[in-house]
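Here's the structure, in structure tokens; my notes come after.
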Amino acid sequence: MTLESPPVLTIAGSDSSGGAGIQADLKTFTVHGCYGASVTTALTAQNTTGVQAVYGVPPDFVKQQINSVLDDIDVKVIKTGMLFDTENTKAVAQILKERFDAKGHIPLVCDPVCVSTSGHALLHPDAVDTLIDKLFPISDLITPNKAEAELLLKQRNFPSRIANLQDMVNAARRLRTLGPQAVLLKGGHCVVSLEDLANVSSDDTQVIRDDLLDENLNILRIHGMKEQHLDSLVVDVLCASDNHITMFVRTRLQSTSTHGTGCTLSAALVCLLARGQAAAYTHIGIETAIPIGSGFGPLNHIHSITPRLVSPRTKTNPYPLTSSLIRSSRVIWKEYIQHEFVVLLGKGTLPKENFIHFIKQDYLYLKYYARAYALLAAKSHAYAAHIGSYRCDSMKLVVALAACLLGYGEIGLWLKEEARAPDSWVQWEGNPYLKWMEDYSGDVYQKAVKAGLDARKPCSSGQPSLVRFADWQDAWERCTRLEKGFWDMAMKLEA
């Protein structure tokens, strides 16, 4: 039975400015629906510009805090952050191991906090060995950043320089030999390109991309990401207990609201373990943050305190409703976009009779498609101004019409992108269907796609209800299947 608000524990330092440490952890626990308890290992005087002073809590009192919490509360997951010095690190590792041996293991996430964003040392150098020898062996996951990973590897005489994505993969695997069950090496301080990602990816590596980097989403990238640089990515590398590598890929954000990102990510991971996406939560927290202070300000920890079926609109997710709909029907969307009909058309080998059959069916369909748009216009007092409103049932009709408009735009861009690749399977010049490909990848149609995307932006009138959003998803998937059905019919003339 899953608890409604599972108790979780953070063992870390206090941040007087509220952006990192136990303050960030407790905020993150709360918005993820967990009950947060805390053990303080050190007090800091700090703000967004740096750390001015640190005062360590006596190790015996650290132990007493841990006992007080664990004797009374059925904690489901524990995380450690800033432990300050050798004695406190020993105290935490000792008491946790004793309790695990006596009463059973509690999942433990260790964020090996060594250096603040501003460069201030937060862990005494002689405590690093204790961290590796005592705490890592009882940890289910460690979450170092680049600087911390290099320090840990150097401490054990491993090659420690991390300059690229392959170095990150190698470092994650080496760090796992130090005792933890798994390693999540955070990539915020490493610049990675799409080409780097392609070069490192292999059969034993899983790549999980955010919406705008996934396949068959050219329409969102081209129309919504003009200010972003997709060749500047953030990649977090997870090395699991079987040495399998998973890479989590996101677009890089240009922001100064990054104070406490490591604490926030590890705290979100704790909640996911307790309940049963942490990187996404942190990413949106950076992107929606309001600048606080004159230095590196904190994240917006409460962006998800009100549950959302549609994410807030941001620079890296400018069309959250559309991306959510595509994500909810990812398999059928791919079958529609990369259909055999489309592939043969791109190769220029599609039999003429198949194409003619499709065109005839398309003519009949477009008559009803036009009627649907007329109905949509009739339901709006000012079509251009209110087409994107969630206020009325017209949004379901907007969603239903989108599968055709956006799908053909995606197919045109996909074929055009494939044609640019070396030794491409797409025949562009001399293709008997070149005009069709040019039309759907061209400026005129893509302007219509952009207008359609803009019509599906979330608006200020609020979030849809769960029932209404499910209705939209159902309409989107059914219409996507119908669009795929056109290709299916054109490929089965003998029937």
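The chains in the structure tokens are called A, B, ... from first to last as shown; in each chain the residues are counted from 1, and the ligands are counted from 1 in the order shown.
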* All residues 12 Å or closer to range 443-448 of chain A, only C-alpha atoms, same chain fewer than 2 positions away omitted, as JSON, numbers by chain -> {"A": [218, 219, 220, 222, 223, 402, 404, 405, 406, 407, 408, 409, 410, 411, 412, 413, 436, 437, 438, 439, 440, 441, 450, 451, 452, 453, 454, 455]}
Can I get the selection written as a PDB file, in the first residue's frame, with C-alpha atoms?
```pdb
ATOM      1  CA  ASN A 218      10.709  18.731 -36.081  1.00  0.00           C
ATOM      2  CA  ILE A 219       7.653  20.997 -36.050  1.00  0.00           C
ATOM      3  CA  LEU A 220       8.210  21.854 -32.380  1.00  0.00           C
ATOM      4  CA  ILE A 222      11.749  24.550 -35.879  1.00  0.00           C
ATOM      5  CA  HIS A 223       8.759  26.662 -34.874  1.00  0.00           C
ATOM      6  CA  ALA A 402      -4.367  19.215 -35.460  1.00  0.00           C
ATOM      7  CA  CYS A 404      -3.734  16.379 -40.019  1.00  0.00           C
ATOM      8  CA  LEU A 405      -2.252  19.879 -40.039  1.00  0.00           C
ATOM      9  CA  LEU A 406       0.705  19.109 -37.791  1.00  0.00           C
ATOM     10  CA  GLY A 407       1.279  15.577 -39.075  1.00  0.00           C
ATOM     11  CA  TYR A 408       1.733  16.602 -42.701  1.00  0.00           C
ATOM     12  CA  GLY A 409       4.006  19.427 -41.613  1.00  0.00           C
ATOM     13  CA  GLU A 410       6.094  16.959 -39.608  1.00  0.00           C
ATOM     14  CA  ILE A 411       6.276  14.536 -42.553  1.00  0.00           C
ATOM     15  CA  GLY A 412       7.452  17.295 -44.883  1.00  0.00           C
ATOM     16  CA  LEU A 413      10.174  18.405 -42.450  1.00  0.00           C
ATOM     17  CA  TRP A 436       4.366  17.174 -52.724  1.00  0.00           C
ATOM     18  CA  MET A 437       7.465  17.130 -50.480  1.00  0.00           C
ATOM     19  CA  GLU A 438       8.295  20.761 -51.278  1.00  0.00           C
ATOM     20  CA  ASP A 439       4.740  21.872 -50.532  1.00  0.00           C
ATOM     21  CA  TYR A 440       4.576  20.311 -47.061  1.00  0.00           C
ATOM     22  CA  SER A 441       8.125  21.270 -46.063  1.00  0.00           C
ATOM     23  CA  LYS A 450       3.091  27.666 -36.872  1.00  0.00           C
ATOM     24  CA  ALA A 451      -0.349  29.279 -36.697  1.00  0.00           C
ATOM     25  CA  GLY A 452      -1.837  25.937 -35.689  1.00  0.00           C
ATOM     26  CA  LEU A 453       0.742  25.466 -32.945  1.00  0.00           C
ATOM     27  CA  ASP A 454       0.122  28.965 -31.632  1.00  0.00           C
ATOM     28  CA  ALA A 455      -3.598  28.200 -31.522  1.00  0.00           C
TER      29      ALA A 455
END
```
* **Contacts of Leu83 in chain A within 10 Å, only C-alpha atoms, excl. fewer than 5 positions in-chain, as a list in words** => Ile11, Ala12, Gly13, Thr40, Thr41, Ala42, Gly56, Val57, Pro59, Val62, Asn88, Thr89, Lys90, Ala91, Val92, Asp111, Pro112, Val113, Cys114, Leu122, Leu123, His124, Ala127 and Leu131 of chain A
Restrict the selected residues to N, CA, C and O atoms and save them as a short mmCIF file (atom, residue, chain, number, x, y, z; two decimals), in the first residue's frame.
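part_11.cif written:
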```
data_model
loop_
_atom_site.label_atom_id
_atom_site.label_comp_id
_atom_site.auth_asym_id
_atom_site.auth_seq_id
_atom_site.Cartn_x
_atom_site.Cartn_y
_atom_site.Cartn_z
N ILE A 11 19.62 14.65 5.31
CA ILE A 11 20.71 14.88 6.25
C ILE A 11 21.69 15.80 5.54
O ILE A 11 22.43 15.37 4.65
N ALA A 12 21.69 17.08 5.89
CA ALA A 12 22.45 18.04 5.09
C ALA A 12 22.66 19.33 5.87
O ALA A 12 22.22 19.46 7.02
N GLY A 13 23.29 20.30 5.21
CA GLY A 13 23.54 21.60 5.82
C GLY A 13 22.39 22.56 5.60
O GLY A 13 21.55 22.37 4.72
N THR A 40 20.28 18.41 10.57
CA THR A 40 21.21 19.47 10.18
C THR A 40 22.64 19.09 10.56
O THR A 40 22.92 18.78 11.72
N THR A 41 23.54 19.14 9.58
CA THR A 41 24.95 18.79 9.80
C THR A 41 25.84 20.03 9.94
O THR A 41 26.93 19.94 10.49
N ALA A 42 25.38 21.15 9.39
CA ALA A 42 26.17 22.38 9.45
C ALA A 42 25.26 23.57 9.21
O ALA A 42 24.22 23.45 8.55
N GLY A 56 30.03 23.94 11.81
CA GLY A 56 29.67 22.53 11.86
C GLY A 56 28.91 22.17 13.13
O GLY A 56 29.22 22.64 14.22
N VAL A 57 27.88 21.32 12.96
CA VAL A 57 27.14 20.80 14.11
C VAL A 57 27.94 19.64 14.71
O VAL A 57 28.45 18.80 13.97
N PRO A 59 29.20 16.15 15.93
CA PRO A 59 28.78 14.84 15.41
C PRO A 59 27.83 14.08 16.33
O PRO A 59 26.93 13.39 15.86
N VAL A 62 24.48 15.33 15.66
CA VAL A 62 24.00 14.83 14.37
C VAL A 62 23.40 13.43 14.56
O VAL A 62 22.30 13.12 14.08
N ASN A 88 31.66 14.32 11.09
CA ASN A 88 30.23 14.24 10.78
C ASN A 88 29.94 13.17 9.72
O ASN A 88 28.93 12.47 9.79
N THR A 89 30.83 13.05 8.74
CA THR A 89 30.64 12.03 7.70
C THR A 89 30.72 10.64 8.31
O THR A 89 29.90 9.76 8.00
N LYS A 90 31.69 10.44 9.21
CA LYS A 90 31.80 9.15 9.91
C LYS A 90 30.56 8.87 10.75
O LYS A 90 30.04 7.75 10.77
N ALA A 91 30.09 9.90 11.45
CA ALA A 91 28.93 9.73 12.33
C ALA A 91 27.69 9.31 11.54
O ALA A 91 26.96 8.40 11.92
N VAL A 92 27.47 9.97 10.41
CA VAL A 92 26.30 9.66 9.59
C VAL A 92 26.41 8.26 9.02
O VAL A 92 25.46 7.46 9.09
N ASP A 111 24.23 12.70 -2.19
CA ASP A 111 24.71 13.82 -3.00
C ASP A 111 26.05 14.25 -2.39
O ASP A 111 26.06 14.90 -1.34
N PRO A 112 27.16 13.88 -3.02
CA PRO A 112 28.48 14.13 -2.39
C PRO A 112 28.90 15.59 -2.50
O PRO A 112 29.81 15.95 -3.23
N VAL A 113 28.23 16.45 -1.74
CA VAL A 113 28.45 17.90 -1.82
C VAL A 113 29.86 18.24 -1.34
O VAL A 113 30.22 17.96 -0.19
N CYS A 114 30.64 18.82 -2.22
CA CYS A 114 32.02 19.18 -1.89
C CYS A 114 32.29 20.67 -2.08
O CYS A 114 33.03 21.27 -1.31
N LEU A 122 32.77 23.00 0.70
CA LEU A 122 31.74 22.63 1.67
C LEU A 122 32.02 21.28 2.33
O LEU A 122 31.22 20.82 3.15
N LEU A 123 33.13 20.65 1.98
CA LEU A 123 33.53 19.40 2.61
C LEU A 123 35.03 19.43 2.83
O LEU A 123 35.79 19.70 1.89
N HIS A 124 35.46 19.18 4.07
CA HIS A 124 36.89 19.19 4.34
C HIS A 124 37.59 18.15 3.47
O HIS A 124 37.08 17.03 3.29
N ALA A 127 37.80 14.53 4.46
CA ALA A 127 36.54 13.80 4.60
C ALA A 127 36.18 13.02 3.34
O ALA A 127 35.28 12.18 3.37
N LEU A 131 33.94 9.58 3.00
CA LEU A 131 32.74 9.55 2.16
C LEU A 131 32.76 8.32 1.25
O LEU A 131 31.77 7.58 1.14
#
```
* To do: For range 177-193 of chain A, list every protein, DNA or RNA residue within 8 Å, evaluated using only C-alpha atoms, and leave out those in the same chain fewer than 6 positions away; present the list as a PyMOL selection string.
  => chain A and resi 132-133+136-146+149+163-165+168+230-241
